[in-house]
Amino acid sequence: MDTNLTWPEFEKVAMHVGTIITVNDFPEARKPAFQLTIDFGEVIGIRKTSAQITKRYSKEQLLNRQIVAVVNFPKKQIGKFMSECLVLGAVGQEGDVILLAPDYKIENGLRIG
């Protein structure tokens with residue numbers, strides 16, 4: 001690591017828990033990916049994103065799974081698809097992503113901090 005964040009900088013990153021409510025193939029993506037729709041609860045609402053998580057997860061494994069995502073990044077156009085959040089995961093040496101998730105089912109929208 002070459003740069004340390006200040007506490008106020010870290011507090012600006014809005015990481016929240018959400019539940020994946022739809023999973024679709026994303027054949028237009030350059031690298032294999034899924035299109036996800038995620039429910040972050042009443043305050044944040046429903047957000048869409050794409051995620052390169054096809055090496056480790058099937059659509060069935062992802063549906064109704066809780067994850068952690070950053071919800072305050074700017075929207076990003078990926079082909080014809082607009083990504084509205086960033087799902088978080090640890091990236092292995094082979095490029096496979098292991099999703100960050102709560103150990104227990106909790107309320108959608110809870111902030112990570």
# chains A, B, ... in the order shown; residues from 1 in each chain; ligands from 1

$ residues_around --residues "A:Lys48" --least-positions-apart "3" --cutoff "7 Å" --atoms "only C-alpha atoms" --output "PyMOL selection string"
chain A and resi 36-38+83-85

$ write_last_selection --atoms "N, CA and C atoms" --output "CSV table (one decimal), in the first residue's frame"
chain,number,residue,atom,x,y,z
A,36,LEU,N,-26.6,-8.1,-12.3
A,36,LEU,CA,-27.2,-8.3,-11.1
A,36,LEU,C,-28.2,-7.2,-10.7
A,37,THR,N,-29.3,-7.5,-10.2
A,37,THR,CA,-30.2,-6.5,-9.6
A,37,THR,C,-30.2,-6.8,-8.1
A,38,ILE,N,-29.9,-5.7,-7.3
A,38,ILE,CA,-29.7,-5.9,-5.9
A,38,ILE,C,-30.7,-5.0,-5.1
A,83,SER,N,-24.2,0.5,-14.8
A,83,SER,CA,-23.9,0.0,-13.5
A,83,SER,C,-24.1,1.1,-12.5
A,84,GLU,N,-24.8,0.7,-11.4
A,84,GLU,CA,-25.2,1.7,-10.4
A,84,GLU,C,-24.5,1.5,-9.0
A,85,CYS,N,-23.7,0.4,-8.9
A,85,CYS,CA,-23.0,0.1,-7.6
A,85,CYS,C,-21.9,-0.8,-7.9

$ residues_around --residues "A:Phe26" --least-positions-apart "5" --cutoff "12 Å" --atoms "only C-alpha atoms" --output "list in words"
Lys31, Pro32, Ala33, Phe34, Gln35, Leu36, Thr49, Ser50, Ala51, Gln52, Ile53, Thr54, Lys59, Ile78, Gly79, Lys80 and Phe81 of chain A

$ write_last_selection --atoms "N, CA and C atoms" --output "tab-separated table (two decimals), in the first residue's frame"
chain	number	residue	atom	x	y	z
A	31	LYS	N	-15.33	-9.49	-20.58
A	31	LYS	CA	-14.96	-10.65	-19.77
A	31	LYS	C	-16.25	-11.26	-19.24
A	32	PRO	N	-16.29	-12.58	-19.02
A	32	PRO	CA	-17.52	-13.21	-18.53
A	32	PRO	C	-18.05	-12.52	-17.27
A	33	ALA	N	-19.35	-12.19	-17.28
A	33	ALA	CA	-19.95	-11.46	-16.17
A	33	ALA	C	-21.44	-11.75	-16.11
A	34	PHE	N	-22.02	-11.42	-14.96
A	34	PHE	CA	-23.46	-11.46	-14.78
A	34	PHE	C	-23.96	-10.03	-14.58
A	35	GLN	N	-25.20	-9.79	-14.96
A	35	GLN	CA	-25.90	-8.57	-14.61
A	35	GLN	C	-26.72	-8.89	-13.36
A	36	LEU	N	-26.55	-8.08	-12.33
A	36	LEU	CA	-27.23	-8.31	-11.06
A	36	LEU	C	-28.18	-7.16	-10.75
A	49	THR	N	-25.99	-3.75	-11.36
A	49	THR	CA	-24.55	-3.75	-11.59
A	49	THR	C	-24.19	-4.97	-12.41
A	50	SER	N	-22.96	-4.99	-12.89
A	50	SER	CA	-22.44	-6.21	-13.49
A	50	SER	C	-21.26	-6.66	-12.65
A	51	ALA	N	-20.99	-7.95	-12.66
A	51	ALA	CA	-19.91	-8.48	-11.85
A	51	ALA	C	-19.26	-9.66	-12.55
A	52	GLN	N	-17.94	-9.65	-12.57
A	52	GLN	CA	-17.16	-10.74	-13.18
A	52	GLN	C	-16.95	-11.85	-12.15
A	53	ILE	N	-18.03	-12.54	-11.85
A	53	ILE	CA	-18.01	-13.55	-10.78
A	53	ILE	C	-18.44	-14.92	-11.31
A	54	THR	N	-18.30	-15.13	-12.62
A	54	THR	CA	-18.80	-16.37	-13.22
A	54	THR	C	-17.90	-17.57	-12.97
A	59	LYS	N	-25.67	-18.71	-11.45
A	59	LYS	CA	-26.82	-17.82	-11.24
A	59	LYS	C	-27.65	-18.29	-10.05
A	78	ILE	N	-21.45	0.36	-19.12
A	78	ILE	CA	-20.71	-0.83	-19.55
A	78	ILE	C	-21.46	-1.38	-20.75
A	79	GLY	N	-21.01	-1.03	-21.95
A	79	GLY	CA	-21.76	-1.37	-23.15
A	79	GLY	C	-23.10	-0.65	-23.12
A	80	LYS	N	-24.19	-1.41	-23.29
A	80	LYS	CA	-25.54	-0.83	-23.23
A	80	LYS	C	-26.11	-0.87	-21.82
A	81	PHE	N	-25.31	-1.32	-20.86
A	81	PHE	CA	-25.77	-1.53	-19.48
A	81	PHE	C	-25.20	-0.44	-18.56

$ closest_residue --among "A:Pro74, A:Gly45, A:Pro8, A:Gly92" --to "A:Gly109" --atoms "only C-alpha atoms"
A:Gly45

$ select_by_dssp --residues "chain A" --states "alpha helix (DSSP H)" --output "NGL selection string"
:A and (7-11 or 41-44 or 59-62)

$ write_last_selection --atoms "all heavy atoms" --output "mmCIF file, in the first residue's frame"
data_model
loop_
_atom_site.group_PDB
_atom_site.id
_atom_site.type_symbol
_atom_site.label_atom_id
_atom_site.label_comp_id
_atom_site.auth_asym_id
_atom_site.auth_seq_id
_atom_site.Cartn_x
_atom_site.Cartn_y
_atom_site.Cartn_z
ATOM 1 N N TRP A 7 -9.540 9.013 8.144
ATOM 2 C CA TRP A 7 -10.838 8.499 8.589
ATOM 3 C C TRP A 7 -11.984 9.201 7.862
ATOM 4 O O TRP A 7 -12.918 8.537 7.386
ATOM 5 C CB TRP A 7 -10.980 8.615 10.112
ATOM 6 C CG TRP A 7 -12.203 7.901 10.580
ATOM 7 C CD1 TRP A 7 -13.378 8.456 10.963
ATOM 8 C CD2 TRP A 7 -12.401 6.487 10.633
ATOM 9 N NE1 TRP A 7 -14.298 7.489 11.264
ATOM 10 C CE2 TRP A 7 -13.716 6.263 11.082
ATOM 11 C CE3 TRP A 7 -11.596 5.388 10.354
ATOM 12 C CZ2 TRP A 7 -14.246 4.992 11.251
ATOM 13 C CZ3 TRP A 7 -12.136 4.118 10.540
ATOM 14 C CH2 TRP A 7 -13.444 3.934 10.985
ATOM 15 N N PRO A 8 -11.956 10.533 7.717
ATOM 16 C CA PRO A 8 -13.039 11.186 6.968
ATOM 17 C C PRO A 8 -13.154 10.696 5.516
ATOM 18 O O PRO A 8 -14.255 10.589 4.984
ATOM 19 C CB PRO A 8 -12.669 12.672 7.010
ATOM 20 C CG PRO A 8 -11.862 12.811 8.268
ATOM 21 C CD PRO A 8 -11.077 11.516 8.351
ATOM 22 N N GLU A 9 -12.030 10.368 4.879
ATOM 23 C CA GLU A 9 -12.084 9.827 3.519
ATOM 24 C C GLU A 9 -12.768 8.459 3.512
ATOM 25 O O GLU A 9 -13.613 8.182 2.659
ATOM 26 C CB GLU A 9 -10.679 9.709 2.923
ATOM 27 C CG GLU A 9 -10.050 11.034 2.575
ATOM 28 C CD GLU A 9 -8.589 10.903 2.176
ATOM 29 O OE1 GLU A 9 -7.882 10.012 2.711
ATOM 30 O OE2 GLU A 9 -8.154 11.705 1.332
ATOM 31 N N PHE A 10 -12.412 7.598 4.467
ATOM 32 C CA PHE A 10 -13.020 6.277 4.560
ATOM 33 C C PHE A 10 -14.530 6.384 4.791
ATOM 34 O O PHE A 10 -15.313 5.625 4.205
ATOM 35 C CB PHE A 10 -12.376 5.453 5.682
ATOM 36 C CG PHE A 10 -13.070 4.150 5.933
ATOM 37 C CD1 PHE A 10 -12.957 3.099 5.043
ATOM 38 C CD2 PHE A 10 -13.854 3.971 7.067
ATOM 39 C CE1 PHE A 10 -13.605 1.891 5.266
ATOM 40 C CE2 PHE A 10 -14.507 2.762 7.301
ATOM 41 C CZ PHE A 10 -14.377 1.729 6.395
ATOM 42 N N GLU A 11 -14.936 7.314 5.631
ATOM 43 C CA GLU A 11 -16.359 7.477 5.943
ATOM 44 C C GLU A 11 -17.192 7.872 4.729
ATOM 45 O O GLU A 11 -18.401 7.691 4.725
ATOM 46 C CB GLU A 11 -16.542 8.509 7.058
ATOM 47 C CG GLU A 11 -16.093 7.999 8.412
ATOM 48 C CD GLU A 11 -16.240 9.037 9.509
ATOM 49 O OE1 GLU A 11 -15.999 10.235 9.239
ATOM 50 O OE2 GLU A 11 -16.600 8.647 10.623
ATOM 51 N N GLY A 41 -32.839 -2.217 0.309
ATOM 52 C CA GLY A 41 -33.811 -1.756 1.293
ATOM 53 C C GLY A 41 -34.486 -0.455 0.878
ATOM 54 O O GLY A 41 -34.218 0.106 -0.189
ATOM 55 N N GLU A 42 -35.369 0.037 1.749
ATOM 56 C CA GLU A 42 -36.210 1.192 1.439
ATOM 57 C C GLU A 42 -35.444 2.467 1.134
ATOM 58 O O GLU A 42 -35.775 3.192 0.205
ATOM 59 C CB GLU A 42 -37.171 1.463 2.603
ATOM 60 C CG GLU A 42 -38.399 0.601 2.583
ATOM 61 C CD GLU A 42 -39.393 1.032 3.642
ATOM 62 O OE1 GLU A 42 -39.567 2.249 3.847
ATOM 63 O OE2 GLU A 42 -39.972 0.137 4.267
ATOM 64 N N VAL A 43 -34.434 2.776 1.906
ATOM 65 C CA VAL A 43 -33.743 4.065 1.758
ATOM 66 C C VAL A 43 -32.940 4.135 0.463
ATOM 67 O O VAL A 43 -33.031 5.105 -0.284
ATOM 68 C CB VAL A 43 -32.841 4.343 2.981
ATOM 69 C CG1 VAL A 43 -32.030 5.610 2.780
ATOM 70 C CG2 VAL A 43 -33.679 4.446 4.246
ATOM 71 N N ILE A 44 -32.162 3.101 0.163
ATOM 72 C CA ILE A 44 -31.300 3.102 -1.030
ATOM 73 C C ILE A 44 -32.057 2.586 -2.239
ATOM 74 O O ILE A 44 -31.897 3.090 -3.346
ATOM 75 C CB ILE A 44 -30.026 2.271 -0.778
ATOM 76 C CG1 ILE A 44 -29.228 2.897 0.363
ATOM 77 C CG2 ILE A 44 -29.177 2.158 -2.043
ATOM 78 C CD1 ILE A 44 -28.127 2.025 0.906
ATOM 79 N N LYS A 59 -25.674 -18.715 -11.445
ATOM 80 C CA LYS A 59 -26.816 -17.818 -11.243
ATOM 81 C C LYS A 59 -27.653 -18.290 -10.048
ATOM 82 O O LYS A 59 -28.110 -17.473 -9.249
ATOM 83 C CB LYS A 59 -27.671 -17.738 -12.506
ATOM 84 C CG LYS A 59 -26.978 -16.997 -13.633
ATOM 85 C CD LYS A 59 -27.903 -16.712 -14.793
ATOM 86 C CE LYS A 59 -28.093 -17.926 -15.644
ATOM 87 N NZ LYS A 59 -28.802 -17.621 -16.910
ATOM 88 N N GLU A 60 -27.810 -19.595 -9.932
ATOM 89 C CA GLU A 60 -28.615 -20.143 -8.828
ATOM 90 C C GLU A 60 -27.982 -19.862 -7.466
ATOM 91 O O GLU A 60 -28.685 -19.606 -6.491
ATOM 92 C CB GLU A 60 -28.812 -21.650 -9.020
ATOM 93 C CG GLU A 60 -29.622 -22.028 -10.249
ATOM 94 C CD GLU A 60 -28.843 -21.929 -11.565
ATOM 95 O OE1 GLU A 60 -27.591 -21.957 -11.552
ATOM 96 O OE2 GLU A 60 -29.488 -21.784 -12.615
ATOM 97 N N GLN A 61 -26.659 -19.907 -7.388
ATOM 98 C CA GLN A 61 -25.966 -19.621 -6.127
ATOM 99 C C GLN A 61 -26.080 -18.151 -5.732
ATOM 100 O O GLN A 61 -26.019 -17.817 -4.555
ATOM 101 C CB GLN A 61 -24.485 -19.977 -6.233
ATOM 102 C CG GLN A 61 -24.205 -21.453 -6.295
ATOM 103 C CD GLN A 61 -22.740 -21.723 -6.585
ATOM 104 O OE1 GLN A 61 -22.160 -21.157 -7.510
ATOM 105 N NE2 GLN A 61 -22.138 -22.590 -5.786
ATOM 106 N N LEU A 62 -26.225 -17.286 -6.707
ATOM 107 C CA LEU A 62 -26.264 -15.846 -6.443
ATOM 108 C C LEU A 62 -27.653 -15.336 -6.073
ATOM 109 O O LEU A 62 -27.772 -14.396 -5.277
ATOM 110 C CB LEU A 62 -25.749 -15.071 -7.656
ATOM 111 C CG LEU A 62 -24.271 -15.273 -7.956
ATOM 112 C CD1 LEU A 62 -23.934 -14.720 -9.334
ATOM 113 C CD2 LEU A 62 -23.415 -14.614 -6.885
#

$ select_by_dssp --residues "stretch 5-54 of chain A" --states "strand (DSSP E)" --output "PyMOL selection string"
chain A and resi 15-25+34-39+46-51

$ write_last_selection --atoms "C-alpha atoms" --output "tab-separated table (two decimals), in the first residue's frame"
chain	number	residue	atom	x	y	z
A	15	MET	CA	-20.71	0.18	1.76
A	16	HIS	CA	-24.08	-1.46	2.35
A	17	VAL	CA	-25.62	-4.93	2.51
A	18	GLY	CA	-28.04	-5.92	-0.22
A	19	THR	CA	-29.79	-9.02	-1.53
A	20	ILE	CA	-29.41	-10.12	-5.14
A	21	ILE	CA	-32.92	-10.39	-6.57
A	22	THR	CA	-32.16	-11.12	-10.25
A	23	VAL	CA	-29.17	-12.59	-12.08
A	24	ASN	CA	-28.82	-12.50	-15.86
A	25	ASP	CA	-26.12	-13.48	-18.31
A	34	PHE	CA	-23.46	-11.46	-14.78
A	35	GLN	CA	-25.90	-8.57	-14.61
A	36	LEU	CA	-27.23	-8.31	-11.06
A	37	THR	CA	-30.21	-6.49	-9.58
A	38	ILE	CA	-29.72	-5.87	-5.86
A	39	ASP	CA	-32.22	-4.78	-3.19
A	46	ILE	CA	-32.88	-1.27	-6.05
A	47	ARG	CA	-29.56	-0.96	-7.91
A	48	LYS	CA	-28.14	-2.77	-10.94
A	49	THR	CA	-24.55	-3.75	-11.59
A	50	SER	CA	-22.44	-6.21	-13.49
A	51	ALA	CA	-19.91	-8.48	-11.85

$ closest_residue --among "A:Lys12, A:Lys55, A:Arg65, A:Lys75" --to "A:Ala101" --atoms "only C-alpha atoms"
A:Arg65

$ closest_residue --among "A:Ser58, A:Glu107, A:Leu88, A:Pro102" --to "A:Val71" --atoms "only C-alpha atoms"
A:Leu88

$ closest_residue --among "A:Val70, A:Asn4, A:Pro27, A:Phe40" --to "A:Gly113" --atoms "only C-alpha atoms"
A:Val70
